[in-house]
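Text of my_file.txt (compact mmCIF, C-alpha atoms) as supplied:
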```txt
# COMPACT_ATOMS: atom_id res chain seq x y z
CA MET E 1 -8.53 14.27 -18.24
CA ASN E 2 -6.78 11.97 -20.70
CA ARG E 3 -8.67 9.60 -23.03
CA ARG E 4 -8.15 6.50 -20.89
CA ALA E 5 -9.42 8.17 -17.72
CA PHE E 6 -12.38 9.59 -19.65
CA LEU E 7 -13.34 6.16 -20.98
CA GLN E 8 -13.02 4.56 -17.56
CA THR E 9 -15.16 7.24 -15.96
CA SER E 10 -17.75 6.96 -18.75
CA SER E 11 -17.82 3.19 -18.37
CA ALA E 12 -18.46 3.49 -14.65
CA LEU E 13 -21.35 5.90 -15.24
CA THR E 14 -22.79 3.61 -17.93
CA ALA E 15 -22.61 0.62 -15.59
CA THR E 16 -24.48 2.54 -12.93
CA ALA E 17 -27.19 3.56 -15.41
CA LEU E 18 -27.59 0.00 -16.68
CA ALA E 19 -27.82 -1.34 -13.17
CA SER E 20 -30.58 1.13 -12.40
CA ALA E 21 -32.47 0.19 -15.56
CA THR E 22 -32.24 -3.57 -14.97
CA GLY E 23 -32.78 -3.49 -11.23
CA ARG E 24 -29.38 -5.04 -10.55
CA ALA E 25 -27.04 -3.45 -8.03
CA ALA E 26 -24.08 -1.54 -9.44
CA PRO E 27 -20.65 -2.98 -8.67
CA ALA E 28 -19.37 -1.87 -5.27
CA ASP E 29 -16.71 0.84 -5.21
CA PRO E 30 -13.53 -1.12 -4.39
CA ARG E 31 -11.63 1.75 -2.84
CA ARG E 32 -11.44 2.74 0.80
CA MET E 33 -9.53 6.03 0.39
CA ARG E 34 -11.51 9.25 0.25
CA VAL E 35 -11.31 12.34 -1.98
CA ALA E 36 -10.49 15.24 0.34
CA LEU E 37 -11.06 18.97 0.15
CA VAL E 38 -8.22 20.91 1.77
CA PRO E 39 -9.12 24.46 0.70
CA GLY E 40 -5.71 26.11 1.11
CA SER E 41 -3.96 23.51 -1.02
CA ILE E 42 -6.04 24.50 -4.07
CA GLY E 43 -6.12 28.26 -3.53
CA VAL E 44 -9.60 28.30 -1.98
CA THR E 45 -10.23 30.65 0.94
CA VAL E 46 -12.93 29.85 3.49
CA ALA E 47 -14.01 31.72 6.59
CA SER E 48 -15.27 28.83 8.70
CA GLN E 49 -15.51 25.08 9.12
CA ARG E 50 -19.15 25.20 8.05
CA GLU E 51 -18.21 26.88 4.78
CA SER E 52 -15.62 24.22 3.98
CA ILE E 53 -18.06 21.43 4.84
CA ASP E 54 -20.66 23.00 2.55
CA LEU E 55 -18.17 23.35 -0.32
CA ALA E 56 -17.09 19.74 0.09
CA ARG E 57 -20.70 18.51 0.13
CA ARG E 58 -21.76 20.47 -2.95
CA HIS E 59 -18.78 19.42 -5.06
CA GLY E 60 -18.73 15.70 -4.36
CA PHE E 61 -15.79 15.48 -1.98
CA GLU E 62 -15.77 12.72 0.62
CA ALA E 63 -13.54 14.28 3.28
CA VAL E 64 -12.75 17.80 4.43
CA GLU E 65 -9.89 19.39 6.34
CA PRO E 66 -10.57 20.07 10.03
CA ARG E 67 -9.72 23.63 11.08
CA ALA E 68 -7.71 23.01 14.24
CA THR E 69 -7.75 26.53 15.67
CA GLU E 70 -11.51 26.90 15.15
CA LEU E 71 -12.27 23.49 16.62
CA ALA E 72 -10.10 24.10 19.68
CA ALA E 73 -12.01 27.32 20.41
CA ALA E 74 -15.46 25.81 19.85
CA SER E 75 -17.80 24.94 22.69
CA PRO E 76 -18.92 21.33 23.22
CA GLY E 77 -22.27 22.20 21.66
CA GLU E 78 -20.66 23.78 18.62
CA VAL E 79 -18.40 20.77 18.12
CA GLN E 80 -21.38 18.44 18.38
CA ALA E 81 -23.25 20.50 15.78
CA LEU E 82 -20.27 20.45 13.39
CA ARG E 83 -19.92 16.69 13.75
CA ALA E 84 -23.62 16.34 12.96
CA GLU E 85 -23.24 18.50 9.84
CA LEU E 86 -20.24 16.45 8.76
CA ALA E 87 -22.21 13.22 9.12
CA ALA E 88 -25.27 14.65 7.36
CA ALA E 89 -23.06 15.63 4.43
CA LYS E 90 -21.64 12.06 4.38
CA LEU E 91 -18.14 13.42 4.92
CA VAL E 92 -15.25 12.39 7.13
CA TRP E 93 -12.32 14.44 8.37
CA ALA E 94 -9.21 14.70 6.21
CA ALA E 95 -5.74 15.55 7.55
CA THR E 96 -4.82 19.04 8.67
CA SER E 97 -1.40 20.70 8.80
CA LEU E 98 0.93 20.59 11.78
CA SER E 99 1.00 23.96 13.55
CA VAL E 100 4.43 23.45 15.12
CA ASP E 101 7.37 24.90 13.18
CA PHE E 102 10.15 22.40 13.93
CA ARG E 103 12.41 23.71 11.13
CA LYS E 104 13.64 26.88 12.84
CA ASP E 105 15.32 27.76 16.13
CA ASP E 106 14.52 26.05 19.42
CA ALA E 107 12.49 28.98 20.78
CA THR E 108 10.15 28.87 17.78
CA PHE E 109 9.79 25.11 18.12
CA ARG E 110 9.07 25.28 21.87
CA SER E 111 6.49 28.02 21.40
CA GLY E 112 4.58 25.95 18.85
CA LEU E 113 4.92 22.80 20.92
CA ALA E 114 3.37 24.55 23.94
CA GLU E 115 0.23 25.30 21.92
CA LEU E 116 -0.07 21.83 20.42
CA PRO E 117 -1.87 20.04 23.32
CA ARG E 118 -4.77 22.49 23.14
CA LEU E 119 -5.09 22.18 19.37
CA ALA E 120 -4.75 18.40 19.47
CA ALA E 121 -7.45 18.16 22.12
CA GLY E 122 -9.77 20.22 19.94
CA LEU E 123 -9.19 17.92 16.98
CA HIS E 124 -9.79 14.88 19.18
CA ARG E 125 -13.10 16.26 20.47
CA ALA E 126 -14.22 16.73 16.87
CA GLY E 127 -13.17 13.20 15.90
CA ALA E 128 -10.26 14.24 13.66
CA ASP E 129 -7.20 12.03 13.87
CA ARG E 130 -4.65 12.96 11.15
CA ILE E 131 -2.04 15.70 10.86
CA GLY E 132 0.59 16.09 8.16
CA THR E 133 3.76 18.08 7.65
CA TRP E 134 6.76 18.19 5.31
CA ILE E 135 10.45 17.61 5.80
CA PRO E 136 12.82 20.20 4.26
CA PRO E 137 15.21 18.44 1.86
CA CYS E 138 18.26 20.59 2.61
CA HIS E 139 19.87 22.78 5.27
CA ASP E 140 22.29 25.70 5.29
CA THR E 141 24.43 24.65 8.25
CA LEU E 142 23.57 21.11 9.40
CA THR E 143 24.99 18.07 7.64
CA TYR E 144 22.82 14.99 7.24
CA ARG E 145 23.45 13.18 10.53
CA PRO E 146 23.01 16.13 12.93
CA ASN E 147 19.94 17.24 10.98
CA PHE E 148 18.53 13.70 11.13
CA ALA E 149 19.02 13.57 14.90
CA LEU E 150 17.40 16.99 15.37
CA HIS E 151 14.36 16.06 13.27
CA ALA E 152 13.93 12.74 15.05
CA SER E 153 14.13 14.38 18.47
CA ARG E 154 11.72 17.22 17.74
CA LEU E 155 9.20 15.16 15.80
CA ARG E 156 9.21 12.52 18.54
CA GLU E 157 8.06 15.20 20.99
CA VAL E 158 5.33 16.23 18.57
CA ALA E 159 4.26 12.62 18.05
CA VAL E 160 3.97 11.97 21.79
CA ILE E 161 1.59 14.91 22.24
CA LEU E 162 -0.50 13.90 19.23
CA GLY E 163 -0.51 10.26 20.27
CA ASP E 164 -2.03 11.21 23.62
CA GLN E 165 -5.04 12.44 21.64
CA GLY E 166 -5.17 9.50 19.23
CA ILE E 167 -3.83 11.57 16.33
CA ARG E 168 -1.47 10.25 13.66
CA LEU E 169 1.40 12.34 12.29
CA GLY E 170 2.29 12.08 8.59
CA LEU E 171 5.69 13.12 7.23
CA GLU E 172 6.07 14.18 3.60
CA TYR E 173 9.48 13.97 2.00
CA VAL E 174 10.31 16.51 -0.72
CA GLY E 175 11.81 14.90 -3.83
CA THR E 176 11.98 17.99 -6.06
CA GLN E 177 15.57 18.00 -7.28
CA LEU E 178 15.94 21.79 -7.44
CA ASN E 179 14.90 21.97 -3.77
CA LEU E 180 17.47 19.37 -2.81
CA VAL E 181 20.33 21.63 -3.91
CA ALA E 182 18.76 24.91 -2.78
CA LYS E 183 20.96 24.93 0.34
CA ARG E 184 24.40 23.62 1.16
CA TYR E 185 23.59 20.22 2.69
CA PRO E 186 21.02 17.80 1.17
CA PHE E 187 18.66 16.01 3.54
CA VAL E 188 15.80 13.48 3.47
CA HIS E 189 14.26 13.45 -0.03
CA THR E 190 13.18 9.85 -0.79
CA MET E 191 10.66 7.40 0.59
CA ALA E 192 13.41 5.14 1.94
CA GLU E 193 15.00 8.01 3.89
CA ALA E 194 11.62 9.17 5.21
CA ARG E 195 10.94 5.65 6.47
CA GLU E 196 14.34 5.62 8.19
CA LEU E 197 13.44 8.88 9.93
CA ILE E 198 10.07 7.46 10.99
CA ALA E 199 11.81 4.37 12.39
CA GLU E 200 14.21 6.59 14.34
CA ILE E 201 11.32 8.62 15.78
CA GLY E 202 10.00 5.31 17.04
CA ARG E 203 6.37 6.24 17.72
CA PRO E 204 3.53 4.06 16.41
CA ASN E 205 1.41 7.03 15.32
CA VAL E 206 3.96 8.35 12.78
CA GLY E 207 3.74 7.47 9.08
CA LEU E 208 4.12 8.85 5.57
CA VAL E 209 2.41 11.52 3.54
CA LEU E 210 2.74 10.21 -0.02
CA ASP E 211 2.65 12.68 -2.91
CA THR E 212 2.70 11.62 -6.55
CA TRP E 213 4.89 14.65 -7.29
CA HIS E 214 7.60 13.79 -4.76
CA TRP E 215 7.33 10.05 -5.47
CA TRP E 216 8.03 10.81 -9.13
CA THR E 217 10.70 13.49 -8.68
CA ALA E 218 12.55 11.33 -6.14
CA GLY E 219 12.67 8.39 -8.55
CA ASP E 220 10.70 6.18 -6.17
CA THR E 221 8.97 3.09 -7.55
CA GLU E 222 5.69 1.21 -7.65
CA ASP E 223 7.25 -1.62 -5.65
CA GLU E 224 8.15 0.76 -2.84
CA ILE E 225 4.49 1.75 -2.49
CA ARG E 226 3.32 -1.86 -2.66
CA ALA E 227 5.74 -2.74 0.14
CA LEU E 228 3.84 -0.42 2.48
CA LYS E 229 0.94 -1.32 4.75
CA SER E 230 -2.09 0.90 5.09
CA SER E 231 -0.92 1.78 8.60
CA ASP E 232 2.33 3.18 7.14
CA ILE E 233 0.43 5.95 5.31
CA VAL E 234 -1.34 8.87 6.99
CA SER E 235 -2.49 10.83 3.94
CA VAL E 236 -1.86 11.20 0.20
CA ASP E 237 -1.48 14.05 -2.30
CA LEU E 238 -2.20 13.74 -6.03
CA ASN E 239 -0.61 16.05 -8.60
CA ASP E 240 0.70 15.95 -12.14
CA ALA E 241 3.73 17.66 -13.69
CA PRO E 242 4.07 20.15 -16.55
CA ARG E 243 4.98 18.77 -19.97
CA ASN E 244 8.31 19.35 -21.70
CA VAL E 245 10.26 20.10 -18.52
CA PRO E 246 13.08 17.66 -17.63
CA LYS E 247 12.59 16.13 -14.20
CA PRO E 248 15.71 17.81 -12.72
CA GLN E 249 14.31 21.20 -13.80
CA GLN E 250 10.78 20.76 -12.46
CA LYS E 251 9.80 23.50 -9.99
CA ASP E 252 7.98 22.52 -6.82
CA GLY E 253 5.54 25.41 -7.06
CA GLU E 254 4.46 24.75 -10.65
CA ARG E 255 2.35 21.60 -10.83
CA GLU E 256 -0.80 20.41 -12.58
CA LEU E 257 -4.07 18.77 -11.57
CA PRO E 258 -4.06 14.96 -11.52
CA LEU E 259 -4.16 13.44 -15.04
CA ALA E 260 -3.80 16.88 -16.65
CA THR E 261 -0.65 15.96 -18.57
CA GLY E 262 0.10 12.29 -17.93
CA VAL E 263 3.73 13.05 -17.14
CA ILE E 264 3.34 11.30 -13.79
CA ASP E 265 1.96 7.76 -14.08
CA THR E 266 -1.06 8.24 -11.84
CA ARG E 267 -2.52 4.85 -12.78
CA VAL E 268 0.52 2.97 -11.45
CA PHE E 269 0.56 5.11 -8.30
CA MET E 270 -3.15 4.68 -7.60
CA ARG E 271 -3.22 0.95 -8.14
CA ALA E 272 -0.18 0.45 -5.93
CA LEU E 273 -1.74 2.66 -3.26
CA HIS E 274 -5.01 0.74 -3.48
CA ALA E 275 -3.10 -2.53 -3.03
CA THR E 276 -1.90 -1.33 0.40
CA GLY E 277 -5.51 -1.06 1.61
CA PHE E 278 -5.07 2.65 2.34
CA ASP E 279 -8.29 4.04 3.83
CA GLY E 280 -7.40 7.67 4.44
CA PRO E 281 -7.78 11.06 2.75
CA VAL E 282 -6.37 11.96 -0.67
CA ARG E 283 -6.08 15.64 -1.54
CA CYS E 284 -4.79 17.71 -4.46
CA GLU E 285 -1.95 20.21 -3.98
CA PRO E 286 -0.96 21.53 -7.41
CA PHE E 287 0.30 25.05 -6.56
CA ASN E 288 -1.29 25.95 -9.88
CA LYS E 289 -1.73 29.66 -10.73
CA PRO E 290 -4.71 29.30 -13.12
CA LEU E 291 -6.50 27.13 -10.53
CA ASN E 292 -5.69 29.56 -7.72
CA ALA E 293 -7.16 32.42 -9.79
CA LEU E 294 -10.59 30.74 -9.91
CA ASP E 295 -13.40 31.51 -7.49
CA ASN E 296 -14.15 28.90 -4.85
CA ASP E 297 -16.88 26.99 -6.66
CA PRO E 298 -15.19 26.52 -10.04
CA ALA E 299 -11.90 25.65 -8.31
CA CYS E 300 -13.57 23.01 -6.16
CA SER E 301 -15.45 21.65 -9.18
CA ALA E 302 -12.27 21.31 -11.27
CA VAL E 303 -10.38 19.58 -8.47
CA SER E 304 -13.23 17.21 -7.63
CA LYS E 305 -13.54 16.10 -11.26
CA ALA E 306 -9.79 15.51 -11.57
CA MET E 307 -9.61 13.61 -8.30
CA HIS E 308 -12.57 11.35 -9.09
CA ALA E 309 -11.06 10.61 -12.50
CA ALA E 310 -7.87 9.53 -10.75
CA MET E 311 -9.88 7.32 -8.37
CA ALA E 312 -11.51 5.66 -11.40
CA LEU E 313 -8.08 4.33 -12.42
CA ILE E 314 -8.24 1.84 -9.55
CA ALA E 315 -11.06 -0.19 -11.10
```

Please, can you express the file's structure as structure tokens?
Amino acid sequence: MNRRAFLQTSSALTATALASATGRAAPADPRRMRVALVPGSIGVTVASQRESIDLARRHGFEAVEPRATELAAASPGEVQALRAELAAAKLVWAATSLSVDFRKDDATFRSGLAELPRLAAGLHRAGADRIGTWIPPCHDTLTYRPNFALHASRLREVAVILGDQGIRLGLEYVGTQLNLVAKRYPFVHTMAEARELIAEIGRPNVGLVLDTWHWWTAGDTEDEIRALKSSDIVSVDLNDAPRNVPKPQQKDGERELPLATGVIDTRVFMRALHATGFDGPVRCEPFNKPLNALDNDPACSAVSKAMHAAMALIA
């Protein structure tokens, strides 16, 4: 945590203590977005939905990833019990990952698509309503326009199935410049291009997954975030970047916790995001080896502290 974030967090705690001492109510938290635990994105392994709910509760998270396969297999009674545990822990559902692999051959896509109605129905029964996925920024054989048409067609089919269950689909563009040139033909890698793809898909339940990392590596701006409505955003990722690495040389799989280095201007990102009225889940996805080496509890603790410090930048 940098000095500014530390001071802001300390000030918030002091205000709460003073309010308690004087009998006056503490200022209301102005944000609507929620700090989310998505275990796999921080190197945490859990065996069940109950375990992830318990981890989220104990470490101060406000949302937790729904486990689609487990929920789809659960009985009505088991789903009801899980929803009760979620409510008792004062948690809401975060976004989960799309199970359909639309990036490979048609047979692979069709196989995943056939399973999606069952998984989507399970999420719906549990009250979960957000799924996210990422768009590859390059292709070996398809140039931009054929690749664009293929993505729009396949993701439209996905969106229709999810929409039938009241589930929103978030698309994350990949702005990492090394990834853009990893294959022969570059593809969608900026917010503007992702929004063009969403418009082409043409389904009301499709929006963006915004990631500080890709926003920064793509050269996107504060104004582009502020131009969005809350309904344009399905979920958000917060990460920071290593110091002393030029942006074109940054590696997608080597990131830092939010505010760890200050290379990415998290304050600008968070305030712009807050201005949209975004009310969904915000997770951390740093692909960070030291973090991944930690046991579950210290990893969750470190992420929760970093995420709440980032949230404090809104005030």

ask   = If you count all atoms listed in the file, which residues fall within 6 Å of region 274-288 of chain E, apart from same-chain ones fewer than 5 positions away, as a count of residues only?
value = 20

message = Restricting the calculation to all atoms listed in the file: of E:Gly170, E:Pro258, E:Pro204, E:Gly60, which residue gets closest to Ser301 (chain E)?
response = E:Gly60

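Using all atoms listed in the file, the residues found no farther than 10 Å from Ile225 (chain E), other than those of its own chain fewer than 4 positions away, are Met191, Leu210, Trp215, Asp220, Thr221, Lys229, Asp232, Ile233, Val268, Phe269, Met270, Arg271, Ala272, Leu273, His274, Ala275 and Thr276 of chain E.
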
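A straight line drawn from CA of Ala95 (chain E) to CA of Asn179 (chain E) is 24.4 Å long.
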
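For the atom pair formed by CA of Thr176 (chain E) and CA of Ser97 (chain E), the distance is 20.2 Å, given to one decimal.
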
task = Might you pull out every residue within 12 Å of Glu51 (chain E), with all atoms listed in the file counted and same-chain residues fewer than 6 positions away left off, and present them as a list of chain:residue names?
result = E:Leu37, E:Pro39, E:Val44, E:Thr45, E:Arg57, E:Arg58, E:Val64, E:Glu65, E:Pro66, E:Arg67, E:Leu82, E:Glu85, E:Leu86, E:Asn296, E:Asp297

request  = For each of E:His139, E:Arg156, E:Arg110, E:Lys289, take the minimum atom-to-atom distance to Gly43 (chain E), counting all atoms listed in the file, then give the residue where this is smallest.
outcome  = E:Lys289

Region 36-48 of chain E, all listed atoms, 3 Å padding on each side: what axis-aligned box centre and edge lengths in Å to one decimal come out, as lines of an AutoDock Vina configuration file?
```
center_x = -9.6
center_y = 23.5
center_z = 2.3
size_x = 17.3
size_y = 22.5
size_z = 18.8
```

request  = Provide the CA of Ala56 (chain E) to CA of Leu91 (chain E) distance in Å, to one decimal place.
outcome  = 8.0 Å

Residues near Gly163 (chain E), cut-off 10 Å, all atoms listed in the file, skip fewer than 4 positions along chain, as a compact mmCIF listing (two decimals) with C-alpha atoms, keeping the file's coordinate frame:
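In the end it all went to part.txt:
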```
# COMPACT_ATOMS: atom_id res chain seq x y z
CA ALA E 120 -4.75 18.40 19.47
CA ASP E 129 -7.20 12.03 13.87
CA GLU E 157 8.06 15.20 20.99
CA VAL E 158 5.33 16.23 18.57
CA ALA E 159 4.26 12.62 18.05
CA ILE E 167 -3.83 11.57 16.33
CA ARG E 168 -1.47 10.25 13.66
CA LEU E 169 1.40 12.34 12.29
CA ARG E 203 6.37 6.24 17.72
CA PRO E 204 3.53 4.06 16.41
CA ASN E 205 1.41 7.03 15.32
CA VAL E 206 3.96 8.35 12.78
```

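The residue that comes closest to Ala89 (chain E), out of E:Ala68, E:Arg130, E:Ala63, E:Glu172 and on the basis of all atoms listed in the file, is E:Ala63.
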
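With all atoms listed in the file as the atoms that count, the residue of E:Ala88, E:Val46, E:Ala126, E:Val209 with the shortest distance to Leu71 (chain E) is E:Ala126.
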
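Nearest-residue note for Thr212 (chain E): choosing from E:Glu193, E:Glu200, E:Asp265, E:Asp252, the minimum distance belongs to E:Asp265, counting only C-alpha atoms.
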
key: Residue nearest Asp54 (chain E) among E:Leu150, E:Ala73, E:Cys300, E:Ala312 (counting only C-alpha atoms)   = E:Cys300
